[in-house]
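Undergrad: Have a look at this one before I ask anything.
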Amino acid sequence: MSSKDSCRNELRFAIRQLSDRCLYSAAKWAAEQLVGIEQDPAKFTPSHTRFQRGSSSIRRRFRTNEIASTPTAGVSYVSTPVLEEDEAVDGDFYLLAKSYFDCREYRRTAHVLRDQTGKKAVFLRCYALYLAGEKRKEEEMIELEGPLGKSDAVNHELVSLERELSTLRKNGTVDPFGLYLYGLVLKEKGSENLARTVLVESVNSYPWNWNAWTELQSLCTTIDILNSLNLNNHWMKDFFLASAYQELRMHNESLGKYEYLQGTFSFSNYIQAQIAKAQYSLREFEQVEIIFDELLRNDPYRVEDMDMYSNVLYAKECFSALSYLAHRVFLTDKYRPESCCIIGNYYSLKGQHEKSVVYFRRALKLNKNYLSAWTLMGHEYVEMKNTPAAVDAYRRAVDINPCDYRAWYGLGQAYEMMGMPYYALHYFRKSVFLQPNDSRLWIAMAQCYQTDQLQMLEDALKCYKRAANCNDTEAIALHQLAKLSKELKRSEEAAFYYKKDLEKMEAEEREGPNMVEALLFLATYYKSQKRFEEAEIYCTRLLDYTGPEKETAKNLLRGMRIAQSGFPSMDIEHLPP
Amino acid sequence: MAAVLKPPGNFTVTPHKMSVCILLQIYAPPAQTTLPFPFPFSSVAQHNRLGMFLLALTKSCDDIFEPKLDELITQLREIVGELDHQLSDHLTCRLSSLSSPDDLFNFFSDLRGILAGPDSGVVVDDQIILDSNSNLGVFLRRCILAFNLLSFEGVCHLLTNIGTYCKEALSSCPAYELPHLDDSSNEVEALLVYENMDLENFVFDKVTEETEARKMASERVSFHIHAPKALFGLIEGIITSVLCCKVHSSSFPLNAFESILRQLQKLAPELHRVHFLRYLNNLYHNDYPASLENLHCYFDYSAGAEGFDFVQPTSSASNSFGRYEIALLCLGMMHFHFGHPKQALEVLTEAVRVSQQQSNDTCLAYTLAAICNLLSAIGISSTAEILGSSYGPVTSIGTSLSIQQQLFVLLRRSLKRADGLKLKRLVASNRLAMAKFDLTHVQRPLLSFGPKASMKLKTCPVNVCKELRLSSHLISEFGTESSIMITDGVFSTAWLKNLQKPMGSLVLSLENASGANSNAFHFCAQPNSIPGSVLQLLGSSYLLRATAWEIYGSAPLARINALVYATCFGNASSSADVALAYTKLIQHLAVFKGHREAFAALKLVEEKFCSISKSRILLLKLQLLHERALHLGHLKLAQQVCDELGVLASSVTGVDMELKTEASLRHARTLLAANQFGQAAAVAHSLFCMCYKFNLQVENATVLLLLAEIHKKSGNAVLGLPYALASLSFCQSFNLDLLKASATLTLAELWLSLGSNHAERASILVQGALPMILGHGGLELRSRAYIAEAKCYLSNPSFSVFENSEVVLDPLRQATEELEILEYHELAAEAFYLMAMVFDKLGQLEEREEAAASFMKHIKALENPQNEQDPLFNIH
């Protein structure tokens with residue numbers, strides 16, 4: 001990792017360049033990382049940083065740092081030369097154009113820059129055109145179709161933009177920002193391979209544009225594609241990889257990267273939120289809650305990622321905390337999809353599913369590709385017993401992201417509810433394929449095999465075995481395995497599973513009917529195996545319980561004592577007591 | 001041809017509709033003429049033709065595809081002839097002059113002028129005014145209304161669309177002149193169609209009378225009712241056109257069509273049927289994962305009911321379930337298609353259960369029919385094996401019955417259910433299934449015990465005939481119903497599309513089928529009021545007839561039925577079925593005209609089906625190649641072909657039984673030709689066991705006959721006799737007349753080889769079989785019979801060659817002639833040998849030498865098959 005100072009300087013410089021080109025979200029991201037870097041207490045004085053901003057000395061210092069910095073052992077980072085501005089002072093037209101842009105008058109921006117040839121001006125013109133096209137597209141979408149349906153609206157600027165940018169790229173007169181825009185256009189047009197190449201070019205020559213990385217990441221749908229990218233080693237690549245791993249469901253790898261990054265960016269809210277996301281996927285809800293608590297304390301008006309926090313609160317059934325969160329985001333910005341989703345979650349927890357659906361629908365109106373809202377709405381419809389609507393919602397979710405195992409699982413559940421277990425199996429299969437380490441999915445599939453209609457017990461057994469192997473916290477799988485084996489008259493296996501189940505229950509200090517059942521079976525089994533000592537232990541333990549099992553245990557004990565006392569058991573049973 | 005896809009939904013103003021409106025303005029100019037030319041028509045007939053055309057255009061306006069401007073202009077030229085330049089110029093000028101929203105506004109207010117006002121009593125002389133209640137008037141009013149309902153954004157969109165509509169026409173100008181080529185033949189036909197059209201729909205305001213008005217009013221109502229259903233119709237239209245497309249085009253690349261569908265999906269996302277089409281396309285190209293995915297996707301979105309709207313979660317509980325049982329039915333059929341009988345049965349069982357729960361009797365009936373199909377198509381040795389842990393309708397009948405009996409009971413139940421529900425198509429298809437069942441299965445009482453139980457086992461050709469006849473009743477029912485079944489719009493669309501198609505020759509024979517196939521197909525592509533599915537069913541009945549006659553042994557009847565199918569139903573049926581019909585015809589050619597002709601025909605058919613239904617045509621090719629290789633003594637090639645044949649079959653037990661039987665039968669025959677009797681017998685024996693296990697009794701008759709042949713050739717005639725007799729009795733119970741004749745012939749040959757004292761008996765057998773063989777047998781069978789006949793005479797001690805040489809020589813001559821055509825060296829050599837011997841006896845040395853030379857030729861060819869350069873093998 002480069003030194004904190006050099007990161008800081010790079011970022012400072014980048015933020016200025018990015019906001020100069022109106023790439024505001026990338027600038028925002030960079031600024032968040034900048035303040036996330038731990039301040040060197042020796043150098044830190046409030047005036048110091050304030051003083052540095054905007055001064056021309058930055059560039060000079062930055063350059064010397066580049067040369068002086070030596071890569072740390074292990075990873076060698078390439079030093080990316082700083083982008084030389086082609087015009088030292090922005091032209092008057094550029095200033096006008098930028099202010100139009102800031103007022104969201106995109107076409108006016110483009111018009112003002114129509115004759116400018118500087119790279120910066122060309123980029124801003126193209127970018128403004130692109131955004132104008134996007135805006136028109138969104139409007140047309142609403143004009144032609146309801147926001148929940150798809151529509152054939154397209155960005156009309158794409159064709160001309162692609163033509164212009166590809167000529168620029170051929171002539172070699174395109175800067176990294178232009179490449180980023182070109183990649184974006186290519187991606188929208190569906191030529192993904194070229195888009196990837198162009199975006200890689202862009203991030204290799206200018207790594208601080210997080211937008212470019214995000215676009216690149218959305219094009220890496222498999223690990224093979226990710227590995228085939230020819231990326232320079234820059235610390236921004238670590239951010240990229242961490243996020244890409246997360247998207248590819250390699251949560252532990254992703255966590256590792258983020259923890260490594262935290263060494264430098266120890267105060268970055270972004271990294272914290274991403275870690276929370278990974279922990280959430282690993283179902284470590286406690287940790288997620290702690291992280292979000294802290295995040296909210298530092299950044300109380302944050303709405304991003306808060307829907308995930310609400311999911312955690314939902315899962316933990318924290319009514320008041322969830323309502324508090326909902327109220328807070330509602331006051332901050334009620335027309336954010338995340339806010340609507342949080343409110344939806346709150347109503348769902350309250351059991352008011354109709355209201356909950358209303359808010360999920362609003363979230364989807366604001367962002368129709370909001371994956372988790374579709375899935376959550378599906379859950380609500382399932383609760384409302386409106387299975388066709390649930391199926392539809394889930395299906396939309398998997399069409400947006402075919403890797404969403406929750407939606408596949410929901411589809412399976414919905415069909416199972418409708419009494420179509422065989423049909424449901426298809427969906428369960430999909431879901432376990434995507435998330436093979438989730439015992440709940442395996443158990444659901446097993447239960448599907450076990451239904452009265454199918455009675456495919458062998459397959460159910462296989463599923464339960466998988467479930468038991470992947471950390472089944474509720475210990476349903478072991479118990480079911482034992483029970484099924486007993487039903488199938490495989491007492492040896494049944495005894496094995498009962499014993500395991502018993503051990504687990506002891507370790508977790510759980511009591512209940514399952515315990516009795518296990519003890520009873522084991523006692524009988526060992527007796528039939530003539531392993532009286534073990535049988536006796538289980539019988540004695542049974543004596544602690546009330547109910548018919550106690551009597552059975554007593555009888556078993558009596559029978560064993562008689563058998564052990566030397567008499568052949570056959571004779572004894574015929575004798576009067 | 002049509003490529004503009006308009007947004008589905010309600011009646012919206014589109015550029016095409018505006019073109020129609022402009023033409024309407026020309027047709028019925030407003031009183032204060034603003035047209036650049038006065039009434040332009042040279043004759044009333046021309047004027048009327050334009051009117052008819054406009055009527056058809058308005059009626060087909062609900063079609064999802066609208067013609068592009070240049071297409072419209074081309075059509076226009078067909079109608080108005082020399083006037084078209086004037087009209088089309090006006091049309092394009094008028095359209096391109098619309099450049100601002102206000103132009104549009106004025107345009108539509110002008111349109112009002114050509115409608116008759118409420119006081120239509122005042123008529124200026126000669127002025128043509130559209131009655132506002134007529135079809136054209138209603139159309140105009142709907143356009144005006146739709147425009148008035150548009151928001152400003154909508155008007156802007158319309159302007160943009162008009163721009164692209166005109167631009168596209170200009171850019172495709174070169175194509176403008178092309179369709180003129182076949183005009184001359186076309187015009188007359190087209191005119192005939194006009195005159196036949198119902199003039200009642202043709203409206204002039206002058207003839208508006210009260211009765212007429214009432215009629216129009218009622219029509220208008222139905223028009224409106226029809227409108228919301230339009231979408232349904234349109235997609236139905238696309239599906240049929242797509243399916244037609246599949247039948248028509250010889251090559252059908254998966255990706256090309258897939259990309260069209262993807263585009264369609266993007267344009268009309270709520271048309272979930274696109275998913276279904278994608279499913280069909282993938283199914284067609286045997287892409288299992290993709291078909292599965294798309295099928296699930298379709299039903300997830302549509303809930304089995306197209307247009308299901310999830311926006312209304314408050315709908316009543318009764319119909320909130322959707323119709324997912326249909327999904328199960330489709331999934332079951334898909335598994336069946338891919339050869340997964342076990343899964344198919346599981347899914348169909350679930351379908352039965354869910355249909356019962358939802359009391360969807362129709363689906364239940366279809367599901368039962370599907371199960372019947374499944375059971376009859378796959379070989380099932382025992383129910384338990386396939387049903388596994390699940391229970392279902394099959395097992396519930398009772399496990400004591402054999403699978404065949406269960407199938408019979410199921411078929412009967414399914415038929416009864418379909419009949420009760422008045423599902424005519426299903427009844428017809430059930431009857432076909434029944435006929436298929438009757439064809440190959442012995443009728444025996446379900447409970448056969450007691451002294452009176454008849455032990456006579458026989459198939460019932462009468463039943464087959466009856467079922468086939470009953471299934472054909474379907475068409476007469478649809479013939480009378482057609483007017484109700486078909487909506488006006490669809491009919492008009494079809495008519496418009498056919499404007500440019502030549503009405504070609506109505507005769508289809510195999511020879512010109514592929515040479516000029518476009519002609520042949522258009523005969524059927526005329527607007528037809530009978531739904532495609534009905535035609536398809538009817539076609540299958542002919543195909544089944546052909547198969548039945550093939551089995552019963554009447555070659556001419558089999559051929560005629562296959563021909564009828566290929567001629568009349570080729571257009572309406574699946575390519576697999578068409579391929580089957582062609583296969584039958586080519587097999588017939590091979591048997592009766594020799595392999596050269598068969599290969600020539602095969603080549604034509606291969607071109608036609610170059611990529612699709614490969615397996616059926618490929619199978620035929622392999623069969624022909626194998627036959628021919630055997631005849632020529634090219635045994636290595638025969639074995640190779642035979643192996644390739646075997647590979648085509650699925651490895652799953654119980655699937656592709658037909659193919660598996662065929663492969664092992666041919667394997668045994670190859671071994672027999674190589675004189676490896678032991679192995680041949682072993683293969684035949686295991687084949688017999690398999691057929692017995694899977695209840696393929698008809699095939700067993702063939703296998704038994706083969707065993708008899710093997711023993712005959714190995715010189716063990718005594719061992720062969722029981723097999724021949726068994727085969728004979730099988731043939732008798734299954735009414736396999738031709739096979740029976742063949743078995744009789746083998747029996748006679750066996751007796752002959754037992755010595756001359758059996759010659760009399762053999763002769764009687766041969767004579768008995770001759771009428772059947774000469775009437776229906778192919779070249780090979782006939783020549784075998786001739787040779788056997790001659791041999792009978794020759795080995796009869798009381799027969800003297802000198803007295804009656806022609807009795808022997810004539811059949812031998814016949815045999816050699818036919819065997820030369822067939823190029824069957826082994827048998828030909830035998831015939832020539834016998835001939836030479838006879839000539840030798842008679843002392844006709846010259847003829848003897850000639851026959852001997854021929855004998856030598858065939859023997860040599862048989863011994864050195866590689867020397868022969870056969871061009872026919874090269875196509876392999």
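Simple scheme: letters A, B, ... for chains in structure tokens order, numbers from 1 for residues in each chain, numbers from 1 for ligands in the order shown.
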Distance limit 8 Å, atoms considered: only C-alpha atoms. Which chain A residues sit that close to chain B? Return them as a ChimeraX atom specification.
TA: /A:143,149-152,386-389,391-392,395,418-420,422-423,453-456
Undergrad: State, in Å with one decimal place, the distance from atom CA of Arg666 of chain B to atom CA of Arg616 of chain B.
TA: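 These two atoms are separated by 16.9 Å.
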Undergrad: Counting only C-alpha atoms, what is within 12 Å of Asp656 of chain B, bar same-chain residues fewer than 6 positions away, as a list in words?
TA: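 My list of contacting residues is Phe336, His337, Phe338, Gly339, His340, Pro341, Leu374, Ser376, Ala377, Ile378, Gly379, Ile380, Ser615, Leu645, Gly646, Val647, Leu648, Ala649, Ser650, Glu662, Ala663 and Phe694 of chain B.
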Undergrad: So how far away is atom CA of Asn209 of chain A from atom CA of Tyr260 of chain A, in Å?
TA: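 Between these atoms lies a distance of 20.7 Å.
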